Amino acid sequence: MPAYTFFCEACNKKYEVVCSIKDYHDKLPCEFCESNVSVHRMYTEDAATLSSSVKKSDSELKTVGDLAKRNTDRMSNDEKQYLKTKHNEYKENKPDAPLPKGMSRMTRQKTKTKWV
Ligand SMILES: [Zn+2]
């Protein structure tokens with residue numbers, strides 16, 4: 001069954017409602033304070049999981065992509081940011097370590113190779 005994400009302004013809480021489409025309606029009362037005055041559907045939250053409409057359990061992971069997605073979902077934003085920085089670090093700090101004697105670094109040619 002699909003999950004719908006709601007946000008209640010009255011108690012400032014985000015929660016998910018799992019129900020079938022036929023039971024769904026826009027004005028479900030808040031799970032916590034039962035107010036339905038300031039409850040909003042968070043479409044942006046749900047859009048993030050649309051590609052795999054229902055999150056897969058571990059036994060349903062079939063591809064490396066599934067596994068990567070599962071692991072990413074479990075990470076906090078801090079961890080994601082850290083990995084992203086770590087992954088792209090080499091672009092900013094190009095290796096400048098001294099080379100062994102007799103070796104030189106190659107520089108990329110500016111002109112494109114013409115294949116004749
Ligand atoms: Zn509430």
# chains A, B, ... in the order shown; residues from 1 in each chain; ligands from 1
>>> residues_near_ligand(ligand="ligand 1", cutoff="12 Å", atoms="only C-alpha atoms and all ligand atoms", output="number ranges by chain")
A: 6-15, 28-40
>>> write_last_selection(atoms="C-alpha atoms", output="mmCIF file, in the first residue's frame")
data_model
loop_
_atom_site.group_PDB
_atom_site.id
_atom_site.type_symbol
_atom_site.label_atom_id
_atom_site.label_comp_id
_atom_site.auth_asym_id
_atom_site.auth_seq_id
_atom_site.Cartn_x
_atom_site.Cartn_y
_atom_site.Cartn_z
ATOM 1 C CA PHE A 6 1.583 14.675 6.020
ATOM 2 C CA PHE A 7 2.730 17.622 8.079
ATOM 3 C CA CYS A 8 0.713 19.065 10.951
ATOM 4 C CA GLU A 9 1.300 22.743 11.665
ATOM 5 C CA ALA A 10 -0.544 22.581 14.965
ATOM 6 C CA CYS A 11 1.962 20.221 16.612
ATOM 7 C CA ASN A 12 4.812 20.649 14.083
ATOM 8 C CA LYS A 13 5.090 16.941 13.310
ATOM 9 C CA LYS A 14 5.606 14.972 10.153
ATOM 10 C CA TYR A 15 4.039 11.554 9.822
ATOM 11 C CA LEU A 28 -7.151 13.105 7.394
ATOM 12 C CA PRO A 29 -6.826 14.277 11.014
ATOM 13 C CA CYS A 30 -3.355 14.577 12.560
ATOM 14 C CA GLU A 31 -2.104 11.367 14.174
ATOM 15 C CA PHE A 32 -0.892 13.256 17.234
ATOM 16 C CA CYS A 33 -3.327 16.054 18.015
ATOM 17 C CA GLU A 34 -6.253 14.934 15.828
ATOM 18 C CA SER A 35 -6.593 18.409 14.411
ATOM 19 C CA ASN A 36 -7.399 18.534 10.711
ATOM 20 C CA VAL A 37 -7.254 22.290 10.365
ATOM 21 C CA SER A 38 -3.556 22.717 9.637
ATOM 22 C CA VAL A 39 -2.594 19.358 8.179
ATOM 23 C CA HIS A 40 -0.866 19.474 4.811
#
>>> atom_distance(atom1="atom CA of A:Asp46", atom2="atom CA of A:Asp26")
14.2 Å
>>> atom_distance(atom1="atom CA of A:Ser76", atom2="atom CA of A:Thr44")
17.8 Å
>>> residues_around(residues="A:Val17", least_positions_apart="3", cutoff="7 Å", atoms="only C-alpha atoms", output="list in words")
Ala3, Tyr4 and Thr5 of chain A
>>> select_by_dssp(residues="chain A", states="strand (DSSP E)", output="ChimeraX atom specification")
/A:3-8,13-18,39-41
>>> write_last_selection(atoms="N, CA and C atoms", output="PDB file, in the first residue's frame")
ATOM      1  N   ALA A   3       2.309   4.986   0.865  1.00  0.00           N
ATOM      2  CA  ALA A   3       2.409   5.809   2.072  1.00  0.00           C
ATOM      3  C   ALA A   3       2.271   7.271   1.668  1.00  0.00           C
ATOM      4  N   TYR A   4       1.546   8.025   2.442  1.00  0.00           N
ATOM      5  CA  TYR A   4       1.374   9.446   2.175  1.00  0.00           C
ATOM      6  C   TYR A   4       1.977  10.221   3.342  1.00  0.00           C
ATOM      7  N   THR A   5       2.764  11.222   3.020  1.00  0.00           N
ATOM      8  CA  THR A   5       3.405  12.009   4.059  1.00  0.00           C
ATOM      9  C   THR A   5       2.594  13.268   4.341  1.00  0.00           C
ATOM     10  N   PHE A   6       2.321  13.488   5.609  1.00  0.00           N
ATOM     11  CA  PHE A   6       1.583  14.675   6.020  1.00  0.00           C
ATOM     12  C   PHE A   6       2.402  15.475   7.021  1.00  0.00           C
ATOM     13  N   PHE A   7       2.096  16.764   7.093  1.00  0.00           N
ATOM     14  CA  PHE A   7       2.730  17.622   8.079  1.00  0.00           C
ATOM     15  C   PHE A   7       1.647  18.391   8.810  1.00  0.00           C
ATOM     16  N   CYS A   8       1.699  18.353  10.148  1.00  0.00           N
ATOM     17  CA  CYS A   8       0.713  19.065  10.951  1.00  0.00           C
ATOM     18  C   CYS A   8       1.349  20.329  11.513  1.00  0.00           C
ATOM     19  N   LYS A  13       4.593  18.307  13.489  1.00  0.00           N
ATOM     20  CA  LYS A  13       5.090  16.941  13.310  1.00  0.00           C
ATOM     21  C   LYS A  13       4.808  16.432  11.910  1.00  0.00           C
ATOM     22  N   LYS A  14       5.736  15.605  11.450  1.00  0.00           N
ATOM     23  CA  LYS A  14       5.606  14.972  10.153  1.00  0.00           C
ATOM     24  C   LYS A  14       5.285  13.500  10.381  1.00  0.00           C
ATOM     25  N   TYR A  15       4.363  12.971   9.639  1.00  0.00           N
ATOM     26  CA  TYR A  15       4.039  11.554   9.822  1.00  0.00           C
ATOM     27  C   TYR A  15       3.553  10.950   8.521  1.00  0.00           C
ATOM     28  N   GLU A  16       3.595   9.640   8.454  1.00  0.00           N
ATOM     29  CA  GLU A  16       3.175   8.938   7.251  1.00  0.00           C
ATOM     30  C   GLU A  16       1.874   8.192   7.506  1.00  0.00           C
ATOM     31  N   VAL A  17       1.020   8.241   6.537  1.00  0.00           N
ATOM     32  CA  VAL A  17      -0.212   7.467   6.612  1.00  0.00           C
ATOM     33  C   VAL A  17      -0.142   6.411   5.515  1.00  0.00           C
ATOM     34  N   VAL A  18      -0.282   5.159   5.914  1.00  0.00           N
ATOM     35  CA  VAL A  18      -0.301   4.092   4.926  1.00  0.00           C
ATOM     36  C   VAL A  18      -1.748   3.636   4.757  1.00  0.00           C
ATOM     37  N   VAL A  39      -3.324  20.521   8.676  1.00  0.00           N
ATOM     38  CA  VAL A  39      -2.594  19.358   8.179  1.00  0.00           C
ATOM     39  C   VAL A  39      -2.405  19.507   6.668  1.00  0.00           C
ATOM     40  N   HIS A  40      -1.153  19.346   6.236  1.00  0.00           N
ATOM     41  CA  HIS A  40      -0.866  19.474   4.811  1.00  0.00           C
ATOM     42  C   HIS A  40      -0.229  18.202   4.290  1.00  0.00           C
ATOM     43  N   ARG A  41      -0.581  17.853   3.107  1.00  0.00           N
ATOM     44  CA  ARG A  41       0.077  16.745   2.430  1.00  0.00           C
ATOM     45  C   ARG A  41       1.444  17.237   1.956  1.00  0.00           C
TER      46      ARG A  41
END
>>> residues_around(residues="A:Cys19", least_positions_apart="3", cutoff="7 Å", atoms="only C-alpha atoms", output="list of chain:residue names")
A:Met1, A:Pro2, A:Ala3, A:Asp23, A:Tyr24
>>> select_by_dssp(residues="chain A", states="alpha helix (DSSP H)", output="ChimeraX atom specification")
/A:43-47,64-74,77-92
>>> write_last_selection(atoms="N, CA and C atoms", output="mmCIF file, in the first residue's frame")
data_model
loop_
_atom_site.group_PDB
_atom_site.id
_atom_site.type_symbol
_atom_site.label_atom_id
_atom_site.label_comp_id
_atom_site.auth_asym_id
_atom_site.auth_seq_id
_atom_site.Cartn_x
_atom_site.Cartn_y
_atom_site.Cartn_z
ATOM 1 N N TYR A 43 3.797 16.686 -0.629
ATOM 2 C CA TYR A 43 3.988 16.013 -1.910
ATOM 3 C C TYR A 43 5.459 15.821 -2.247
ATOM 4 N N THR A 44 6.291 16.773 -1.818
ATOM 5 C CA THR A 44 7.715 16.660 -2.159
ATOM 6 C C THR A 44 8.352 15.444 -1.506
ATOM 7 N N GLU A 45 7.919 15.113 -0.276
ATOM 8 C CA GLU A 45 8.450 13.927 0.412
ATOM 9 C C GLU A 45 8.097 12.666 -0.367
ATOM 10 N N ASP A 46 6.862 12.594 -0.795
ATOM 11 C CA ASP A 46 6.401 11.383 -1.471
ATOM 12 C C ASP A 46 7.007 11.236 -2.858
ATOM 13 N N ALA A 47 7.268 12.363 -3.502
ATOM 14 C CA ALA A 47 7.837 12.305 -4.844
ATOM 15 C C ALA A 47 9.193 11.615 -4.841
ATOM 16 N N VAL A 64 22.376 -3.989 -7.543
ATOM 17 C CA VAL A 64 23.298 -3.113 -6.824
ATOM 18 C C VAL A 64 22.657 -1.739 -6.638
ATOM 19 N N GLY A 65 21.898 -1.322 -7.635
ATOM 20 C CA GLY A 65 21.199 -0.047 -7.556
ATOM 21 C C GLY A 65 20.220 -0.007 -6.402
ATOM 22 N N ASP A 66 19.474 -1.119 -6.217
ATOM 23 C CA ASP A 66 18.542 -1.220 -5.087
ATOM 24 C C ASP A 66 19.285 -1.069 -3.768
ATOM 25 N N LEU A 67 20.416 -1.767 -3.686
ATOM 26 C CA LEU A 67 21.212 -1.755 -2.455
ATOM 27 C C LEU A 67 21.749 -0.352 -2.175
ATOM 28 N N ALA A 68 22.252 0.284 -3.233
ATOM 29 C CA ALA A 68 22.792 1.639 -3.079
ATOM 30 C C ALA A 68 21.703 2.598 -2.620
ATOM 31 N N LYS A 69 20.522 2.456 -3.198
ATOM 32 C CA LYS A 69 19.408 3.327 -2.853
ATOM 33 C C LYS A 69 19.004 3.103 -1.390
ATOM 34 N N ARG A 70 18.972 1.809 -0.981
ATOM 35 C CA ARG A 70 18.620 1.478 0.394
ATOM 36 C C ARG A 70 19.619 2.123 1.355
ATOM 37 N N ASN A 71 20.910 1.961 1.025
ATOM 38 C CA ASN A 71 21.947 2.514 1.902
ATOM 39 C C ASN A 71 21.886 4.037 1.953
ATOM 40 N N THR A 72 21.607 4.653 0.817
ATOM 41 C CA THR A 72 21.497 6.111 0.785
ATOM 42 C C THR A 72 20.325 6.576 1.630
ATOM 43 N N ASP A 73 19.210 5.837 1.541
ATOM 44 C CA ASP A 73 18.027 6.213 2.322
ATOM 45 C C ASP A 73 18.309 6.160 3.821
ATOM 46 N N ARG A 74 19.199 5.267 4.235
ATOM 47 C CA ARG A 74 19.485 5.105 5.657
ATOM 48 C C ARG A 74 20.462 6.146 6.178
ATOM 49 N N ASN A 77 21.775 13.329 6.211
ATOM 50 C CA ASN A 77 22.275 14.317 5.252
ATOM 51 C C ASN A 77 23.741 14.644 5.497
ATOM 52 N N ASP A 78 24.158 14.617 6.769
ATOM 53 C CA ASP A 78 25.555 14.882 7.106
ATOM 54 C C ASP A 78 26.472 13.851 6.468
ATOM 55 N N GLU A 79 26.070 12.584 6.590
ATOM 56 C CA GLU A 79 26.874 11.504 6.018
ATOM 57 C C GLU A 79 26.952 11.626 4.502
ATOM 58 N N LYS A 80 25.812 11.956 3.884
ATOM 59 C CA LYS A 80 25.789 12.107 2.427
ATOM 60 C C LYS A 80 26.738 13.216 1.994
ATOM 61 N N GLN A 81 26.667 14.341 2.750
ATOM 62 C CA GLN A 81 27.510 15.483 2.421
ATOM 63 C C GLN A 81 28.978 15.121 2.580
ATOM 64 N N TYR A 82 29.295 14.373 3.654
ATOM 65 C CA TYR A 82 30.672 13.970 3.910
ATOM 66 C C TYR A 82 31.192 13.106 2.764
ATOM 67 N N LEU A 83 30.381 12.128 2.343
ATOM 68 C CA LEU A 83 30.812 11.241 1.267
ATOM 69 C C LEU A 83 30.982 11.997 -0.044
ATOM 70 N N LYS A 84 30.082 12.929 -0.286
ATOM 71 C CA LYS A 84 30.152 13.708 -1.509
ATOM 72 C C LYS A 84 31.444 14.524 -1.545
ATOM 73 N N THR A 85 31.754 15.147 -0.397
ATOM 74 C CA THR A 85 32.982 15.937 -0.297
ATOM 75 C C THR A 85 34.202 15.054 -0.496
ATOM 76 N N LYS A 86 34.189 13.906 0.192
ATOM 77 C CA LYS A 86 35.314 12.972 0.117
ATOM 78 C C LYS A 86 35.507 12.484 -1.312
ATOM 79 N N HIS A 87 34.386 12.198 -1.954
ATOM 80 C CA HIS A 87 34.433 11.662 -3.309
ATOM 81 C C HIS A 87 34.980 12.684 -4.301
ATOM 82 N N ASN A 88 34.673 13.964 -4.072
ATOM 83 C CA ASN A 88 35.074 14.985 -5.036
ATOM 84 C C ASN A 88 36.350 15.724 -4.637
ATOM 85 N N GLU A 89 36.955 15.291 -3.519
ATOM 86 C CA GLU A 89 38.120 15.974 -2.985
ATOM 87 C C GLU A 89 39.259 16.067 -3.996
ATOM 88 N N TYR A 90 39.509 14.970 -4.708
ATOM 89 C CA TYR A 90 40.654 14.926 -5.602
ATOM 90 C C TYR A 90 40.573 15.976 -6.703
ATOM 91 N N LYS A 91 39.339 16.413 -7.011
ATOM 92 C CA LYS A 91 39.191 17.410 -8.065
ATOM 93 C C LYS A 91 39.793 18.745 -7.640
ATOM 94 N N GLU A 92 39.634 19.067 -6.344
ATOM 95 C CA GLU A 92 40.178 20.334 -5.856
ATOM 96 C C GLU A 92 41.673 20.209 -5.534
#
